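J.: Dropping in structure.cif, with mmCIF, C-alpha atoms.
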data_structure
loop_
_atom_site.group_PDB
_atom_site.id
_atom_site.type_symbol
_atom_site.label_atom_id
_atom_site.label_comp_id
_atom_site.auth_asym_id
_atom_site.auth_seq_id
_atom_site.Cartn_x
_atom_site.Cartn_y
_atom_site.Cartn_z
ATOM 1 C CA MET A 1 34.338 -77.565 11.081
ATOM 2 C CA ALA A 2 36.564 -76.479 8.148
ATOM 3 C CA GLU A 3 38.651 -79.618 7.501
ATOM 4 C CA ILE A 4 39.178 -82.939 9.206
ATOM 5 C CA LEU A 5 42.952 -83.343 9.400
ATOM 6 C CA GLY A 6 44.816 -86.614 9.759
ATOM 7 C CA ALA A 7 47.640 -86.912 12.308
ATOM 8 C CA PHE A 8 50.320 -86.725 9.599
ATOM 9 C CA GLU A 9 48.700 -83.665 8.025
ATOM 10 C CA GLN A 10 48.762 -81.993 11.426
ATOM 11 C CA ALA A 11 52.444 -82.897 11.866
ATOM 12 C CA VAL A 12 53.288 -81.312 8.502
ATOM 13 C CA LEU A 13 51.232 -78.156 9.120
ATOM 14 C CA LEU A 14 52.743 -77.697 12.592
ATOM 15 C CA ALA A 15 56.245 -78.177 11.170
ATOM 16 C CA ILE A 16 55.598 -75.399 8.644
ATOM 17 C CA LEU A 17 54.367 -73.104 11.428
ATOM 18 C CA ARG A 18 57.418 -73.862 13.582
ATOM 19 C CA LEU A 19 59.880 -73.303 10.741
ATOM 20 C CA GLY A 20 58.327 -70.004 9.661
ATOM 21 C CA GLU A 21 60.260 -68.437 6.784
ATOM 22 C CA ASP A 22 62.537 -71.488 6.501
ATOM 23 C CA ALA A 23 59.765 -73.987 5.775
ATOM 24 C CA TYR A 24 60.935 -75.757 2.611
ATOM 25 C CA GLY A 25 60.761 -79.438 1.660
ATOM 26 C CA ARG A 26 63.777 -80.904 3.399
ATOM 27 C CA ALA A 27 63.485 -78.710 6.512
ATOM 28 C CA ILE A 28 59.834 -79.775 6.890
ATOM 29 C CA LEU A 29 60.842 -83.427 6.503
ATOM 30 C CA LYS A 30 63.522 -83.087 9.209
ATOM 31 C CA GLU A 31 61.126 -81.330 11.569
ATOM 32 C CA VAL A 32 58.413 -83.959 11.043
ATOM 33 C CA GLN A 33 60.929 -86.776 11.624
ATOM 34 C CA ALA A 34 62.198 -85.115 14.798
ATOM 35 C CA ARG A 35 58.688 -84.606 16.217
ATOM 36 C CA LEU A 36 57.389 -88.050 15.281
ATOM 37 C CA GLU A 37 60.695 -89.662 16.298
ATOM 38 C CA ARG A 38 60.767 -91.952 13.259
ATOM 39 C CA GLU A 39 62.075 -92.129 9.688
ATOM 40 C CA VAL A 40 59.672 -90.618 7.192
ATOM 41 C CA ALA A 41 59.962 -90.903 3.397
ATOM 42 C CA ALA A 42 60.312 -87.630 1.515
ATOM 43 C CA GLY A 43 57.558 -88.878 -0.794
ATOM 44 C CA ALA A 44 55.089 -89.091 2.097
ATOM 45 C CA VAL A 45 55.722 -85.467 3.074
ATOM 46 C CA HIS A 46 55.563 -84.342 -0.555
ATOM 47 C CA ALA A 47 52.221 -86.096 -1.110
ATOM 48 C CA THR A 48 50.840 -84.515 2.071
ATOM 49 C CA LEU A 49 52.033 -81.037 1.098
ATOM 50 C CA GLU A 50 50.406 -81.482 -2.303
ATOM 51 C CA ARG A 51 47.132 -82.527 -0.689
ATOM 52 C CA LEU A 52 47.221 -79.623 1.778
ATOM 53 C CA ALA A 53 47.868 -77.197 -1.088
ATOM 54 C CA ARG A 54 44.941 -78.675 -3.046
ATOM 55 C CA LYS A 55 42.692 -78.130 -0.027
ATOM 56 C CA GLY A 56 43.886 -74.521 0.188
ATOM 57 C CA LEU A 57 45.499 -74.989 3.621
ATOM 58 C CA VAL A 58 49.027 -74.047 2.464
ATOM 59 C CA VAL A 59 50.561 -72.058 -0.368
ATOM 60 C CA SER A 60 54.033 -72.386 -1.814
ATOM 61 C CA ARG A 61 56.578 -70.333 -3.722
ATOM 62 C CA LEU A 62 59.890 -71.211 -5.302
ATOM 63 C CA GLY A 63 63.059 -69.771 -3.740
ATOM 64 C CA PRO A 64 66.734 -69.849 -4.691
ATOM 65 C CA GLY A 65 68.796 -73.035 -4.512
ATOM 66 C CA THR A 66 72.103 -73.594 -2.757
ATOM 67 C CA PRO A 67 75.404 -75.149 -3.937
ATOM 68 C CA VAL A 68 74.730 -78.410 -2.070
ATOM 69 C CA ARG A 69 71.531 -78.734 -4.140
ATOM 70 C CA SER A 70 73.443 -77.890 -7.325
ATOM 71 C CA GLY A 71 71.429 -74.674 -7.452
ATOM 72 C CA ARG A 72 68.074 -76.456 -7.672
ATOM 73 C CA ALA A 73 65.215 -74.286 -6.406
ATOM 74 C CA ARG A 74 63.640 -74.761 -2.987
ATOM 75 C CA ARG A 75 59.867 -74.702 -2.554
ATOM 76 C CA PHE A 76 58.848 -72.725 0.533
ATOM 77 C CA TYR A 77 55.482 -73.280 2.193
ATOM 78 C CA ARG A 78 53.222 -71.033 4.248
ATOM 79 C CA VAL A 79 50.115 -71.998 6.207
ATOM 80 C CA GLN A 80 46.945 -70.180 5.141
ATOM 81 C CA THR A 81 44.169 -68.911 7.431
ATOM 82 C CA LYS A 82 42.142 -71.983 6.443
ATOM 83 C CA GLY A 83 45.052 -74.174 7.572
ATOM 84 C CA VAL A 84 45.272 -72.479 10.972
ATOM 85 C CA ARG A 85 41.519 -72.892 11.392
ATOM 86 C CA ALA A 86 41.808 -76.578 10.504
ATOM 87 C CA LEU A 87 44.574 -77.059 13.089
ATOM 88 C CA ASN A 88 42.520 -75.287 15.755
ATOM 89 C CA ASP A 89 39.524 -77.474 14.917
ATOM 90 C CA ALA A 90 41.651 -80.620 15.085
ATOM 91 C CA ARG A 91 43.015 -79.626 18.486
ATOM 92 C CA ALA A 92 39.537 -78.730 19.772
ATOM 93 C CA THR A 93 38.215 -82.107 18.596
ATOM 94 C CA VAL A 94 40.963 -84.010 20.407
ATOM 95 C CA ASP A 95 40.538 -81.893 23.550
ATOM 96 C CA GLY A 96 36.802 -82.596 23.444
ATOM 97 C CA LEU A 97 37.410 -86.326 23.110
ATOM 98 C CA TRP A 98 39.675 -86.286 26.155
ATOM 99 C CA GLN A 99 37.453 -84.132 28.329
ATOM 100 C CA GLY A 100 36.818 -85.740 31.697
ATOM 101 C CA LEU A 101 39.668 -88.230 31.334
ATOM 102 C CA ARG A 102 43.022 -87.918 33.036
ATOM 103 C CA TRP A 103 46.157 -88.500 30.950
ATOM 104 C CA PRO A 104 48.002 -90.867 31.019
ATOM 105 C CA LEU A 105 45.125 -93.336 31.237
ATOM 106 C CA LYS A 106 45.252 -95.577 34.299
ATOM 107 C CA GLY A 107 42.846 -97.982 35.922
ATOM 108 C CA TYR A 108 40.374 -98.388 33.034
ATOM 109 C CA LEU A 109 41.257 -101.994 32.236
ATOM 110 C CA MET B 1 83.836 -83.455 -1.653
ATOM 111 C CA THR B 2 80.258 -84.700 -1.295
ATOM 112 C CA GLU B 3 79.081 -81.598 -3.177
ATOM 113 C CA THR B 4 80.254 -83.301 -6.339
ATOM 114 C CA ALA B 5 78.584 -86.618 -5.471
ATOM 115 C CA TYR B 6 75.540 -87.541 -7.539
ATOM 116 C CA PRO B 7 72.887 -90.173 -6.935
ATOM 117 C CA PRO B 8 72.306 -92.828 -9.635
ATOM 118 C CA ARG B 9 71.225 -91.300 -12.934
ATOM 119 C CA TRP B 10 68.510 -93.903 -13.510
ATOM 120 C CA ALA B 11 66.918 -93.014 -10.147
ATOM 121 C CA GLU B 12 66.879 -89.303 -11.007
ATOM 122 C CA ALA B 13 65.405 -90.149 -14.412
ATOM 123 C CA LEU B 14 62.670 -92.243 -12.778
ATOM 124 C CA LEU B 15 61.964 -89.416 -10.315
ATOM 125 C CA ARG B 16 61.564 -87.035 -13.249
ATOM 126 C CA THR B 17 58.957 -89.300 -14.813
ATOM 127 C CA VAL B 18 56.842 -89.774 -11.685
ATOM 128 C CA LEU B 19 56.708 -86.123 -10.634
ATOM 129 C CA LYS B 20 54.807 -83.265 -12.203
ATOM 130 C CA PRO B 21 57.243 -81.149 -14.277
ATOM 131 C CA GLY B 22 56.993 -78.201 -11.846
ATOM 132 C CA ASP B 23 57.861 -80.367 -8.848
ATOM 133 C CA PHE B 24 61.005 -82.076 -10.116
ATOM 134 C CA GLU B 25 63.473 -79.284 -9.402
ATOM 135 C CA SER B 26 62.455 -78.663 -5.794
ATOM 136 C CA VAL B 27 61.924 -82.326 -4.883
ATOM 137 C CA SER B 28 65.132 -83.569 -6.521
ATOM 138 C CA GLY B 29 66.946 -80.636 -4.869
ATOM 139 C CA ASP B 30 65.621 -81.700 -1.449
ATOM 140 C CA LEU B 31 66.743 -85.284 -2.029
ATOM 141 C CA LEU B 32 70.128 -84.210 -3.404
ATOM 142 C CA GLU B 33 70.671 -81.945 -0.385
ATOM 143 C CA GLN B 34 69.963 -84.775 2.037
ATOM 144 C CA TYR B 35 72.008 -87.228 -0.036
ATOM 145 C CA ARG B 36 75.074 -84.966 0.020
ATOM 146 C CA ASP B 37 74.580 -83.400 3.453
ATOM 147 C CA SER B 38 73.874 -86.353 5.661
ATOM 148 C CA ILE B 39 73.432 -89.748 3.981
ATOM 149 C CA TYR B 40 76.581 -89.912 1.840
ATOM 150 C CA PRO B 41 79.034 -88.634 4.510
ATOM 151 C CA ALA B 42 77.528 -90.911 7.165
ATOM 152 C CA ARG B 43 76.951 -94.132 5.224
ATOM 153 C CA GLY B 44 79.118 -94.008 2.094
ATOM 154 C CA ARG B 45 78.242 -94.139 -1.577
ATOM 155 C CA ARG B 46 76.601 -97.575 -1.805
ATOM 156 C CA HIS B 47 74.219 -97.011 1.092
ATOM 157 C CA ALA B 48 73.518 -93.461 -0.061
ATOM 158 C CA ASP B 49 72.584 -94.706 -3.542
ATOM 159 C CA TRP B 50 70.340 -97.386 -2.034
ATOM 160 C CA TRP B 51 68.736 -94.764 0.215
ATOM 161 C CA TYR B 52 68.124 -92.503 -2.797
ATOM 162 C CA ALA B 53 66.551 -95.324 -4.797
ATOM 163 C CA ARG B 54 64.209 -96.135 -1.900
ATOM 164 C CA GLN B 55 63.177 -92.490 -1.644
ATOM 165 C CA VAL B 56 62.407 -92.423 -5.366
ATOM 166 C CA PHE B 57 60.329 -95.600 -5.112
ATOM 167 C CA ALA B 58 58.318 -93.953 -2.343
ATOM 168 C CA PHE B 59 57.315 -91.332 -4.914
ATOM 169 C CA VAL B 60 56.049 -93.972 -7.322
ATOM 170 C CA SER B 61 52.330 -93.659 -7.073
ATOM 171 C CA PRO B 62 50.821 -95.773 -4.293
ATOM 172 C CA GLY B 63 48.120 -96.454 -6.873
ATOM 173 C CA ALA B 64 50.655 -98.177 -9.130
ATOM 174 C CA ARG B 65 51.639 -100.408 -6.216
ATOM 175 C CA PHE B 66 47.984 -101.277 -5.555
ATOM 176 C CA PHE B 67 47.320 -102.137 -9.202
ATOM 177 C CA ALA B 68 50.592 -104.112 -9.386
ATOM 178 C CA ALA B 69 49.487 -106.193 -6.382
ATOM 179 C CA LEU B 70 46.104 -106.735 -8.042
ATOM 180 C CA PHE B 71 47.751 -107.794 -11.321
ATOM 181 C CA SER B 72 50.082 -110.209 -9.504
ATOM 182 C CA ALA B 73 47.201 -111.698 -7.536
ATOM 183 C CA GLN B 74 45.320 -112.342 -10.786
ATOM 184 C CA PHE B 75 48.387 -113.903 -12.420
ATOM 185 C CA LEU B 76 49.147 -116.150 -9.468
ATOM 186 C CA THR B 77 45.509 -117.203 -9.087
ATOM 187 C CA ARG B 78 45.405 -118.148 -12.772
ATOM 188 C CA THR B 79 48.713 -120.017 -12.405
ATOM 189 C CA ALA B 80 47.453 -121.921 -9.357
ATOM 190 C CA LEU B 81 44.207 -122.818 -11.141
ATOM 191 C CA ASP B 82 46.133 -124.121 -14.169
ATOM 192 C CA TRP B 83 48.411 -126.189 -11.942
ATOM 193 C CA PHE B 84 45.848 -127.648 -9.574
ATOM 194 C CA ALA B 85 42.619 -127.601 -11.588
ATOM 195 C CA PRO B 86 43.642 -127.791 -15.250
ATOM 196 C CA PRO B 87 40.708 -127.441 -17.644
ATOM 197 C CA LEU B 88 40.261 -129.397 -20.867
ATOM 198 C CA ASP B 89 40.099 -126.174 -22.845
ATOM 199 C CA PHE B 90 42.087 -123.126 -21.722
ATOM 200 C CA HIS B 91 40.237 -120.714 -24.016
ATOM 201 C CA THR B 92 37.608 -119.404 -21.574
ATOM 202 C CA ARG B 93 40.115 -119.136 -18.737
ATOM 203 C CA SER B 94 42.589 -117.276 -20.972
ATOM 204 C CA THR B 95 39.909 -114.871 -22.187
ATOM 205 C CA VAL B 96 38.840 -114.025 -18.628
ATOM 206 C CA SER B 97 42.393 -113.598 -17.274
ATOM 207 C CA THR B 98 43.460 -111.492 -20.278
ATOM 208 C CA ALA B 99 40.422 -109.248 -19.844
ATOM 209 C CA LEU B 100 41.177 -108.834 -16.133
ATOM 210 C CA GLY B 101 44.845 -108.013 -16.816
ATOM 211 C CA VAL B 102 43.985 -105.508 -19.538
ATOM 212 C CA GLY B 103 41.345 -103.940 -17.288
ATOM 213 C CA THR B 104 43.820 -103.610 -14.423
ATOM 214 C CA LEU B 105 46.443 -101.841 -16.571
ATOM 215 C CA LEU B 106 43.810 -99.575 -18.131
ATOM 216 C CA ALA B 107 42.549 -98.718 -14.657
ATOM 217 C CA ALA B 108 46.098 -97.960 -13.453
ATOM 218 C CA GLY B 109 46.568 -95.515 -16.343
ATOM 219 C CA PHE B 110 43.123 -93.989 -15.823
ATOM 220 C CA TRP B 111 43.713 -93.508 -12.098
ATOM 221 C CA ALA B 112 47.150 -91.892 -12.532
ATOM 222 C CA ALA B 113 45.836 -89.553 -15.220
ATOM 223 C CA TRP B 114 42.872 -88.624 -13.040
ATOM 224 C CA ARG B 115 45.159 -87.607 -10.181
ATOM 225 C CA SER B 116 47.747 -85.767 -12.244
ATOM 226 C CA ASP B 117 45.720 -84.355 -15.167
ATOM 227 C CA SER B 118 48.281 -85.869 -17.534
ATOM 228 C CA PHE B 119 47.758 -88.868 -19.793
ATOM 229 C CA VAL B 120 51.580 -89.271 -19.939
ATOM 230 C CA ASN B 121 51.447 -90.192 -16.258
ATOM 231 C CA GLY B 122 48.884 -92.822 -17.229
ATOM 232 C CA ALA B 123 51.455 -94.425 -19.549
ATOM 233 C CA ILE B 124 54.118 -94.243 -16.822
ATOM 234 C CA ALA B 125 51.728 -95.799 -14.310
ATOM 235 C CA GLY B 126 51.027 -98.606 -16.798
ATOM 236 C CA VAL B 127 54.740 -99.385 -17.193
ATOM 237 C CA VAL B 128 55.462 -99.112 -13.459
ATOM 238 C CA THR B 129 52.440 -101.289 -12.625
ATOM 239 C CA ALA B 130 53.443 -103.964 -15.149
ATOM 240 C CA GLY B 131 57.111 -103.762 -14.069
ATOM 241 C CA LEU B 132 56.348 -104.141 -10.360
ATOM 242 C CA ALA B 133 53.784 -106.843 -11.113
ATOM 243 C CA SER B 134 56.288 -108.808 -13.200
ATOM 244 C CA VAL B 135 58.752 -108.928 -10.292
ATOM 245 C CA THR B 136 56.154 -110.051 -7.741
ATOM 246 C CA SER B 137 54.462 -112.460 -10.171
ATOM 247 C CA ILE B 138 57.721 -114.208 -11.084
ATOM 248 C CA ALA B 139 58.795 -114.337 -7.429
ATOM 249 C CA GLY B 140 55.380 -115.723 -6.470
ATOM 250 C CA ALA B 141 55.439 -118.348 -9.232
ATOM 251 C CA ALA B 142 58.991 -119.367 -8.254
ATOM 252 C CA ALA B 143 57.887 -119.735 -4.623
ATOM 253 C CA MET B 144 54.921 -121.873 -5.707
ATOM 254 C CA LEU B 145 57.250 -124.020 -7.787
ATOM 255 C CA ALA B 146 59.615 -124.453 -4.839
ATOM 256 C CA ILE B 147 56.701 -125.795 -2.761
ATOM 257 C CA TRP B 148 54.834 -127.816 -5.406
ATOM 258 C CA HIS B 149 57.037 -129.684 -7.876
ATOM 259 C CA ASP B 150 55.657 -133.219 -7.686
ATOM 260 C CA PRO B 151 55.287 -135.136 -10.993
ATOM 261 C CA ARG B 152 51.538 -134.436 -11.240
ATOM 262 C CA THR B 153 51.979 -130.681 -10.836
ATOM 263 C CA MET B 154 54.922 -130.667 -13.261
ATOM 264 C CA ALA B 155 52.736 -132.455 -15.828
ATOM 265 C CA ALA B 156 50.011 -129.847 -15.319
ATOM 266 C CA ILE B 157 52.595 -127.062 -15.783
ATOM 267 C CA ARG B 158 53.777 -128.611 -19.055
ATOM 268 C CA GLY B 159 50.169 -128.929 -20.188
ATOM 269 C CA SER B 160 49.399 -125.278 -19.498
ATOM 270 C CA GLY B 161 52.275 -123.756 -21.478
ATOM 271 C CA GLY B 162 55.328 -124.787 -19.498
ATOM 272 C CA LEU B 163 57.653 -123.052 -17.086
ATOM 273 C CA ASP B 164 59.028 -120.714 -19.757
ATOM 274 C CA GLU B 165 55.637 -119.126 -20.200
ATOM 275 C CA ILE B 166 55.070 -118.688 -16.464
ATOM 276 C CA LEU B 167 58.427 -117.026 -15.936
ATOM 277 C CA SER B 168 58.451 -114.857 -19.064
ATOM 278 C CA LEU B 169 54.806 -113.804 -19.480
ATOM 279 C CA PRO B 170 54.884 -111.174 -16.687
ATOM 280 C CA LEU B 171 57.952 -109.536 -18.287
ATOM 281 C CA MET B 172 56.216 -109.542 -21.652
ATOM 282 C CA MET B 173 53.439 -107.396 -20.130
ATOM 283 C CA ILE B 174 55.690 -104.357 -19.646
ATOM 284 C CA PHE B 175 55.327 -102.976 -23.175
ATOM 285 C CA PRO B 176 51.559 -103.636 -23.299
ATOM 286 C CA GLY B 177 51.524 -101.939 -19.870
ATOM 287 C CA LEU B 178 52.831 -98.778 -21.519
ATOM 288 C CA LEU B 179 50.172 -98.889 -24.235
ATOM 289 C CA LEU B 180 47.294 -99.804 -21.935
ATOM 290 C CA GLY B 181 48.339 -97.238 -19.313
ATOM 291 C CA ALA B 182 48.443 -94.602 -22.044
ATOM 292 C CA GLY B 183 45.038 -95.819 -23.236
ATOM 293 C CA GLY B 184 43.602 -95.461 -19.739
ATOM 294 C CA GLY B 185 45.187 -92.015 -19.511
ATOM 295 C CA VAL B 186 43.682 -90.895 -22.809
ATOM 296 C CA ALA B 187 40.250 -92.238 -21.791
ATOM 297 C CA CYS B 188 40.511 -90.327 -18.524
ATOM 298 C CA THR B 189 41.544 -87.089 -20.250
ATOM 299 C CA ALA B 190 38.651 -87.446 -22.708
ATOM 300 C CA LEU B 191 36.178 -88.117 -19.882
ATOM 301 C CA LYS B 192 37.452 -85.117 -17.905
ATOM 302 C CA ARG B 193 37.042 -82.858 -20.949
ATOM 303 C CA LEU B 194 33.533 -84.191 -21.503
ATOM 304 C CA LEU B 195 32.624 -83.536 -17.877
ATOM 305 C CA LEU B 196 34.079 -80.040 -18.096
ATOM 306 C CA PHE B 197 32.142 -79.401 -21.296
ATOM 307 C CA ALA B 198 28.914 -80.664 -19.737
ATOM 308 C CA LYS B 199 29.492 -78.466 -16.675
ATOM 309 C CA SER B 200 30.125 -75.366 -18.741
ATOM 310 C CA ARG B 201 26.817 -75.701 -20.616
#
As structure tokens, how would this structure be written, given the file I've shared?
T.:
Amino acid sequence: MAEILGAFEQAVLLAILRLGEDAYGRAILKEVQARLEREVAAGAVHATLERLARKGLVVSRLGPGTPVRSGRARRFYRVQTKGVRALNDARATVDGLWQGLRWPLKGYL
Amino acid sequence: MTETAYPPRWAEALLRTVLKPGDFESVSGDLLEQYRDSIYPARGRRHADWWYARQVFAFVSPGARFFAALFSAQFLTRTALDWFAPPLDFHTRSTVSTALGVGTLLAAGFWAAWRSDSFVNGAIAGVVTAGLASVTSIAGAAAMLAIWHDPRTMAAIRGSGGLDEILSLPLMMIFPGLLLGAGGGVACTALKRLLLFAKSR
């Protein structure tokens, strides 16, 4: 197993994959908020992106800014092969845990 | 119109100090975009500024918040002991609580420098830790005073330095927080260099 990913790390990695070429800070934050259906602090996403980059699961590059950002650069992210492998492992682990159980759970209590 | 709106300067300045230099432009750009695009038009200036400040505080190292809570807990424990179990001689108690406080601020600086590879961040963590701790310590002491203000407790408070000391001491720790945080940061940088040197041999 390459990496053990937390749920929030998975949410961020999947958001980057979904956004493709447009995966920069604020877009990732919006996507994560939409999928998790809750408010998320920009700092939480930033810290996660930093951690994922340290682990070698994502890489980033600076791109041009826009007038609404007063020209400040955007940092675009891309998932690395190691990141895809980690997501696949995470999914396989969850699938394995659920094997033999029917979702949603009923009648176990 | 909102493209000319700016969040509070102090919040941007704080953001600059808590982020690595290379991250400030992109992160502040993201926040500015959201501030102008959605928060300001929907909620107005006051709410947008409050939102921005909260976002910036979320960037303040979670470590600083942990050490601030630790510092406050030590301060309030010492305060409670002085109020409810006053000693004849405060010297030993003062020495222990000072050592714990100094250790906490040094550790905050060390931890921040370890994470960021910058001793400057150690100094910032020291100030932020002491600043946050001063707010929670004073609030905690005020809450204790609101509950316990019988003549016996008030006499114990007077005997241990008085209310002035309790309410001003946490604020007086902010500057030492800067120095101790920087000290922890320098110690961390030195240790990292030593480890690197030992590894390279």
J.: Could you state the separation of CA of Leu106 in chain B and CA of Gly181 in chain B in Å, given to one decimal place?
T.: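 So the two atoms, CA of Leu106 in chain B and CA of Gly181 in chain B, lie 5.2 Å apart.
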J.: If you take only C-alpha atoms and a cut-off of 12 Å, which residues of chain B touch chain A, and what are their nearest atom pairs and distances in Å to one decimal, in chain and number order, as JSON lines?
T.:
{"residue": "B:Met1", "atom": "CA", "partner": "A:Val68", "partner_atom": "CA", "distance": 10.4}
{"residue": "B:Thr2", "atom": "CA", "partner": "A:Val68", "partner_atom": "CA", "distance": 8.4}
{"residue": "B:Glu3", "atom": "CA", "partner": "A:Val68", "partner_atom": "CA", "distance": 5.5}
{"residue": "B:Thr4", "atom": "CA", "partner": "A:Val68", "partner_atom": "CA", "distance": 8.5}
{"residue": "B:Ala5", "atom": "CA", "partner": "A:Val68", "partner_atom": "CA", "distance": 9.7}
{"residue": "B:Tyr6", "atom": "CA", "partner": "A:Ser70", "partner_atom": "CA", "distance": 9.9}
{"residue": "B:Pro7", "atom": "CA", "partner": "A:Arg69", "partner_atom": "CA", "distance": 11.9}
{"residue": "B:Leu15", "atom": "CA", "partner": "A:Gly43", "partner_atom": "CA", "distance": 10.5}
{"residue": "B:Val18", "atom": "CA", "partner": "A:Gly43", "partner_atom": "CA", "distance": 11.0}
{"residue": "B:Leu19", "atom": "CA", "partner": "A:Gly43", "partner_atom": "CA", "distance": 10.3}
{"residue": "B:Lys20", "atom": "CA", "partner": "A:Glu50", "partner_atom": "CA", "distance": 11.0}
{"residue": "B:Gly22", "atom": "CA", "partner": "A:Leu62", "partner_atom": "CA", "distance": 10.0}
{"residue": "B:Asp23", "atom": "CA", "partner": "A:Arg75", "partner_atom": "CA", "distance": 8.7}
{"residue": "B:Phe24", "atom": "CA", "partner": "A:Arg72", "partner_atom": "CA", "distance": 9.4}
{"residue": "B:Glu25", "atom": "CA", "partner": "A:Arg72", "partner_atom": "CA", "distance": 5.7}
{"residue": "B:Ser26", "atom": "CA", "partner": "A:Arg74", "partner_atom": "CA", "distance": 5.0}
{"residue": "B:Val27", "atom": "CA", "partner": "A:Gly25", "partner_atom": "CA", "distance": 7.2}
{"residue": "B:Ser28", "atom": "CA", "partner": "A:Arg72", "partner_atom": "CA", "distance": 7.8}
{"residue": "B:Gly29", "atom": "CA", "partner": "A:Arg69", "partner_atom": "CA", "distance": 5.0}
{"residue": "B:Asp30", "atom": "CA", "partner": "A:Arg26", "partner_atom": "CA", "distance": 5.2}
{"residue": "B:Leu31", "atom": "CA", "partner": "A:Arg26", "partner_atom": "CA", "distance": 7.6}
{"residue": "B:Leu32", "atom": "CA", "partner": "A:Arg69", "partner_atom": "CA", "distance": 5.7}
{"residue": "B:Glu33", "atom": "CA", "partner": "A:Arg69", "partner_atom": "CA", "distance": 5.0}
{"residue": "B:Gln34", "atom": "CA", "partner": "A:Arg26", "partner_atom": "CA", "distance": 7.4}
{"residue": "B:Tyr35", "atom": "CA", "partner": "A:Arg69", "partner_atom": "CA", "distance": 9.4}
{"residue": "B:Arg36", "atom": "CA", "partner": "A:Val68", "partner_atom": "CA", "distance": 6.9}
{"residue": "B:Asp37", "atom": "CA", "partner": "A:Val68", "partner_atom": "CA", "distance": 7.4}
{"residue": "B:Ser38", "atom": "CA", "partner": "A:Val68", "partner_atom": "CA", "distance": 11.1}
{"residue": "B:Trp51", "atom": "CA", "partner": "A:Ala41", "partner_atom": "CA", "distance": 10.1}
{"residue": "B:Tyr52", "atom": "CA", "partner": "A:Ala42", "partner_atom": "CA", "distance": 10.2}
{"residue": "B:Ala53", "atom": "CA", "partner": "A:Ala41", "partner_atom": "CA", "distance": 11.4}
{"residue": "B:Arg54", "atom": "CA", "partner": "A:Ala41", "partner_atom": "CA", "distance": 8.6}
{"residue": "B:Gln55", "atom": "CA", "partner": "A:Ala41", "partner_atom": "CA", "distance": 6.2}
{"residue": "B:Val56", "atom": "CA", "partner": "A:Gly43", "partner_atom": "CA", "distance": 7.5}
{"residue": "B:Phe57", "atom": "CA", "partner": "A:Gly43", "partner_atom": "CA", "distance": 8.5}
{"residue": "B:Ala58", "atom": "CA", "partner": "A:Gly43", "partner_atom": "CA", "distance": 5.4}
{"residue": "B:Phe59", "atom": "CA", "partner": "A:Gly43", "partner_atom": "CA", "distance": 4.8}
{"residue": "B:Val60", "atom": "CA", "partner": "A:Gly43", "partner_atom": "CA", "distance": 8.4}
{"residue": "B:Ser61", "atom": "CA", "partner": "A:Gly43", "partner_atom": "CA", "distance": 9.5}
{"residue": "B:Pro62", "atom": "CA", "partner": "A:Ala44", "partner_atom": "CA", "distance": 10.2}
{"residue": "B:Arg115", "atom": "CA", "partner": "A:Arg51", "partner_atom": "CA", "distance": 10.9}
{"residue": "B:Ser116", "atom": "CA", "partner": "A:Glu50", "partner_atom": "CA", "distance": 11.1}
J.: Given the file above and the PyMOL selection byres ((chain A and resi 81-97) around 9), which residues are selected, and can you give them as a PyMOL selection string?
T.: chain A and resi 1-6+10+13-14+52+55-58+79-80+98-101
J.: If you measure from CA of Arg93 in chain B to CA of Gly161 in chain B, what distance in Å do you get, rounded to one decimal?
T.: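 Separation between CA of Arg93 in chain B and CA of Gly161 in chain B: 13.3 Å.
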J.: I would like the residues chosen by the PyMOL selection byres ((chain B and resi 166-168) around 9) on the shown file; could you give them as a list in words?
T.: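 Output from the PyMOL selection byres ((chain B and resi 166-168) around 9), applied to this file: Thr79, Ser134, Ser137, Ile138, Ala139, Ala141, Ala142, Ile157, Gly161, Gly162, Leu163, Asp164, Glu165, Leu169, Pro170, Leu171 and Met172 of chain B.
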J.: Can I get the selected residues back with C-alpha atoms, as a PDB file, in the frame of the given file?
T.:
ATOM      1  CA  THR B  79      48.713-120.017 -12.405  1.00  0.00           C
ATOM      2  CA  SER B 134      56.288-108.808 -13.200  1.00  0.00           C
ATOM      3  CA  SER B 137      54.462-112.460 -10.171  1.00  0.00           C
ATOM      4  CA  ILE B 138      57.721-114.208 -11.084  1.00  0.00           C
ATOM      5  CA  ALA B 139      58.795-114.337  -7.429  1.00  0.00           C
ATOM      6  CA  ALA B 141      55.439-118.348  -9.232  1.00  0.00           C
ATOM      7  CA  ALA B 142      58.991-119.367  -8.254  1.00  0.00           C
ATOM      8  CA  ILE B 157      52.595-127.062 -15.783  1.00  0.00           C
ATOM      9  CA  GLY B 161      52.275-123.756 -21.478  1.00  0.00           C
ATOM     10  CA  GLY B 162      55.328-124.787 -19.498  1.00  0.00           C
ATOM     11  CA  LEU B 163      57.653-123.052 -17.086  1.00  0.00           C
ATOM     12  CA  ASP B 164      59.028-120.714 -19.757  1.00  0.00           C
ATOM     13  CA  GLU B 165      55.637-119.126 -20.200  1.00  0.00           C
ATOM     14  CA  LEU B 169      54.806-113.804 -19.480  1.00  0.00           C
ATOM     15  CA  PRO B 170      54.884-111.174 -16.687  1.00  0.00           C
ATOM     16  CA  LEU B 171      57.952-109.536 -18.287  1.00  0.00           C
ATOM     17  CA  MET B 172      56.216-109.542 -21.652  1.00  0.00           C
TER      18      MET B 172
END
J.: Could you give me, as number ranges by chain, the residues within 12 Å of Ala68 in chain B, counting all atoms listed in the file and dropping anything in the same chain fewer than 2 positions from it?
T.: B: 60-66, 70-75, 101, 104-109, 125-137, 170, 173-174, 177
J.: Using Å and a single decimal, report how far CA of Glu31 in chain A sits from CA of Ala112 in chain B.
T.: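 One can read the CA of Ala112 in chain B to CA of Glu31 in chain A distance as 29.8 Å.
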